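What follows is a single structure, written as structure tokens, with notes after it.
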Amino acid sequence: MNIGVVGSGTVGTILTQTFSRGENTIVLSHQGGAASLAPRRAEFAANVTFGEVAVALQQPLVIIAVPFTVAPTVLNQVADYQQRIVVDVTNQFTADFKKIDTRPLTGSEVIAKAAHNARVIKAFNTLPHELMNGRVDGPGQRVLFYAGDDRPAKKQFAELVKPLNFHPVNLGKLRHGGSVMQVGGGLGHTAFVQLDESLD
Ligand SMILES: NC(=O)c1ccc[n+]([C@@H]2O[C@H](COP(=O)([O-])OP(=O)(O)OC[C@H]3O[C@@H](n4cnc5c(N)ncnc54)[C@H](OP(=O)(O)O)[C@@H]3O)[C@@H](O)[C@H]2O)c1
């Protein structure tokens, strides 16, 4: 799948590396511009290119890996996502790690409001970044919680992550699933492994 990643910090980097293990083509972007990523070429596989944010935002699936505070402004650059998928990995923190209260909306509903006509999936934000590669020590798959309001988009997302050794767990819509996945919801910074029932 063609994937655009906005944000080349801790999370944008590891998710680019993770998705590049699959049958995907990835455009990685950040605020600083594509040219400034050139010295980092060796960190990424050949199916990763560096592009401008505007290009990443036009891909069929967009991963928005920027601080929550700027995500709506970044997403607003596109007037109509035409039902493309936007994966929200943000946690609602200020720059000094204070929780942002988005009530009555969940954080991912705030993101969805800014991503006009996109199908938004909340995912990855509950995992410590070093586990976002899907790998586990020993047998099993890395449990990946996700939520979203569009069933076909969620199905597509689940199929995309399964070959990367994730066990996707659907937590429902952005209202409920988003609320338990977001900061203060209980699942933050947790790590689970799905084992085959024949193992203990
Ligand atoms: N770190 C974790 O363990 C973790 C875990 C779960 C979820 N998250 C969430 O993932 C998101 C990214 O976190 P991070 O740790 O990767 O942050 P980070 O290392 O600070 O990287 C942030 C990235 O966002 C880019 N950015 C900032 N403003 C932008 C704008 N206006 N337009 C385009 N790009 C912009 C930055 O661009 P420049 O490179 O040009 O500065 C940078 O590449 C956050 O929402 C965070 O809450 C983080």
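Every chain in the structure tokens takes a letter, A first, then B, and so on in the order presented; its residues are numbered from 1, and the ligands are numbered from 1 following the presented order.
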*asked:* Report as a VMD selection string all protein, DNA and RNA residues lying within 12 Å of Ile26 of chain A, evaluated on only C-alpha atoms, omitting residues in the same chain fewer than 5 positions from it.
replied: chain A and resid 1 to 6 12 to 13 15 to 21 44 to 51 55 to 63
*Name all residues at most 9 Å from segment 178-185 of chain A (count only C-alpha atoms; drop same-chain ones fewer than 5 positions away) and give them as an MDAnalysis selection string.*
chainID A and resid 90:93 99:100 105:109 122:123 125:126 145:148 171:173
*Produce as a ChimeraX atom specification the set of residues near ligand 1, where near means within 10 Å with only C-alpha atoms and all ligand atoms considered.*
/A:5-15,28-34,36-37,52-54,63-75,77,88-95,97,123-132,182-183,188-189
Go through segment 117-177 of chain A and flag each residue having an atom no more than 8 Å from segment 80-87 of chain A; for those, report the closest pair of atoms plus their distance in Å to one decimal, using only C-alpha atoms, ordered by chain and rising number, as a tab-separated table.
residue	atom	partner	partner_atom	distance
A:Asn117	CA	A:Tyr81	CA	5.3
A:Ala118	CA	A:Gln83	CA	4.6
A:Arg119	CA	A:Ile85	CA	4.8
A:Val120	CA	A:Val86	CA	4.8
A:Ile121	CA	A:Val87	CA	4.8
A:Lys122	CA	A:Val87	CA	5.8
A:Ala123	CA	A:Val87	CA	6.6
A:Ala153	CA	A:Ile85	CA	6.8
Could you write out the selected residues, including N, CA and C atoms, as a PDB file, in the first residue's frame?
ATOM      1  N   ASN A 117     -13.430  14.416   5.736  1.00  0.00           N
ATOM      2  CA  ASN A 117     -13.836  13.306   4.868  1.00  0.00           C
ATOM      3  C   ASN A 117     -12.795  12.176   4.825  1.00  0.00           C
ATOM      4  N   ALA A 118     -11.988  12.068   5.889  1.00  0.00           N
ATOM      5  CA  ALA A 118     -11.065  10.930   5.997  1.00  0.00           C
ATOM      6  C   ALA A 118     -11.712   9.854   6.855  1.00  0.00           C
ATOM      7  N   ARG A 119     -11.218   8.643   6.705  1.00  0.00           N
ATOM      8  CA  ARG A 119     -11.640   7.556   7.591  1.00  0.00           C
ATOM      9  C   ARG A 119     -10.499   7.374   8.604  1.00  0.00           C
ATOM     10  N   VAL A 120     -10.750   7.806   9.822  1.00  0.00           N
ATOM     11  CA  VAL A 120      -9.681   7.877  10.824  1.00  0.00           C
ATOM     12  C   VAL A 120      -9.638   6.616  11.678  1.00  0.00           C
ATOM     13  N   ILE A 121      -8.435   6.128  11.857  1.00  0.00           N
ATOM     14  CA  ILE A 121      -8.177   4.975  12.722  1.00  0.00           C
ATOM     15  C   ILE A 121      -7.245   5.444  13.825  1.00  0.00           C
ATOM     16  N   LYS A 122      -7.602   5.140  15.049  1.00  0.00           N
ATOM     17  CA  LYS A 122      -6.692   5.400  16.182  1.00  0.00           C
ATOM     18  C   LYS A 122      -5.898   4.123  16.419  1.00  0.00           C
ATOM     19  N   ALA A 123      -4.580   4.209  16.446  1.00  0.00           N
ATOM     20  CA  ALA A 123      -3.763   2.998  16.645  1.00  0.00           C
ATOM     21  C   ALA A 123      -2.352   3.388  17.075  1.00  0.00           C
ATOM     22  N   ALA A 153     -12.551   0.402   6.517  1.00  0.00           N
ATOM     23  CA  ALA A 153     -11.215   0.984   6.744  1.00  0.00           C
ATOM     24  C   ALA A 153     -10.498   0.207   7.841  1.00  0.00           C
TER      25      ALA A 153
END
*atom CA of Gln141 of chain A and atom CA of Phe157 of chain A are how many Å apart?*
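One can read the atom CA of Gln141 of chain A to atom CA of Phe157 of chain A distance as 16.0 Å.
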*Out of A:Arg41, A:Gly140, A:Leu174, A:Ile111, which residue has the shortest atom-to-atom distance to Ser198 of chain A when counting only C-alpha atoms?*
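Selected residue with least distance to Ser198 of chain A: A:Gly140.
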*Backbone-only DSSP, helix (DSSP H, G or I) members of segment 18-189 of chain A, as number ranges by chain*: A: 18-19, 34-43, 53-56, 71-75, 107-114, 129-131, 151-164, 176-181
*Please report, as JSON, numbers by chain, each residue of segment 3-192 of chain A to which DSSP assigns strand (DSSP E or B) when run on this structure's backbone.*
{"A": [3, 4, 5, 6, 25, 26, 27, 28, 29, 48, 49, 50, 61, 62, 63, 64, 85, 86, 87, 88, 93, 99, 119, 120, 121, 122, 123, 141, 142, 143, 144, 145, 146, 147, 148, 166, 167, 168, 169, 170]}
*What is the atom CA of Gly134 of chain A-atom CA of Phe166 of chain A distance in Å, reported with one decimal?*
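Between atom CA of Gly134 of chain A and atom CA of Phe166 of chain A the gap is 5.4 Å.
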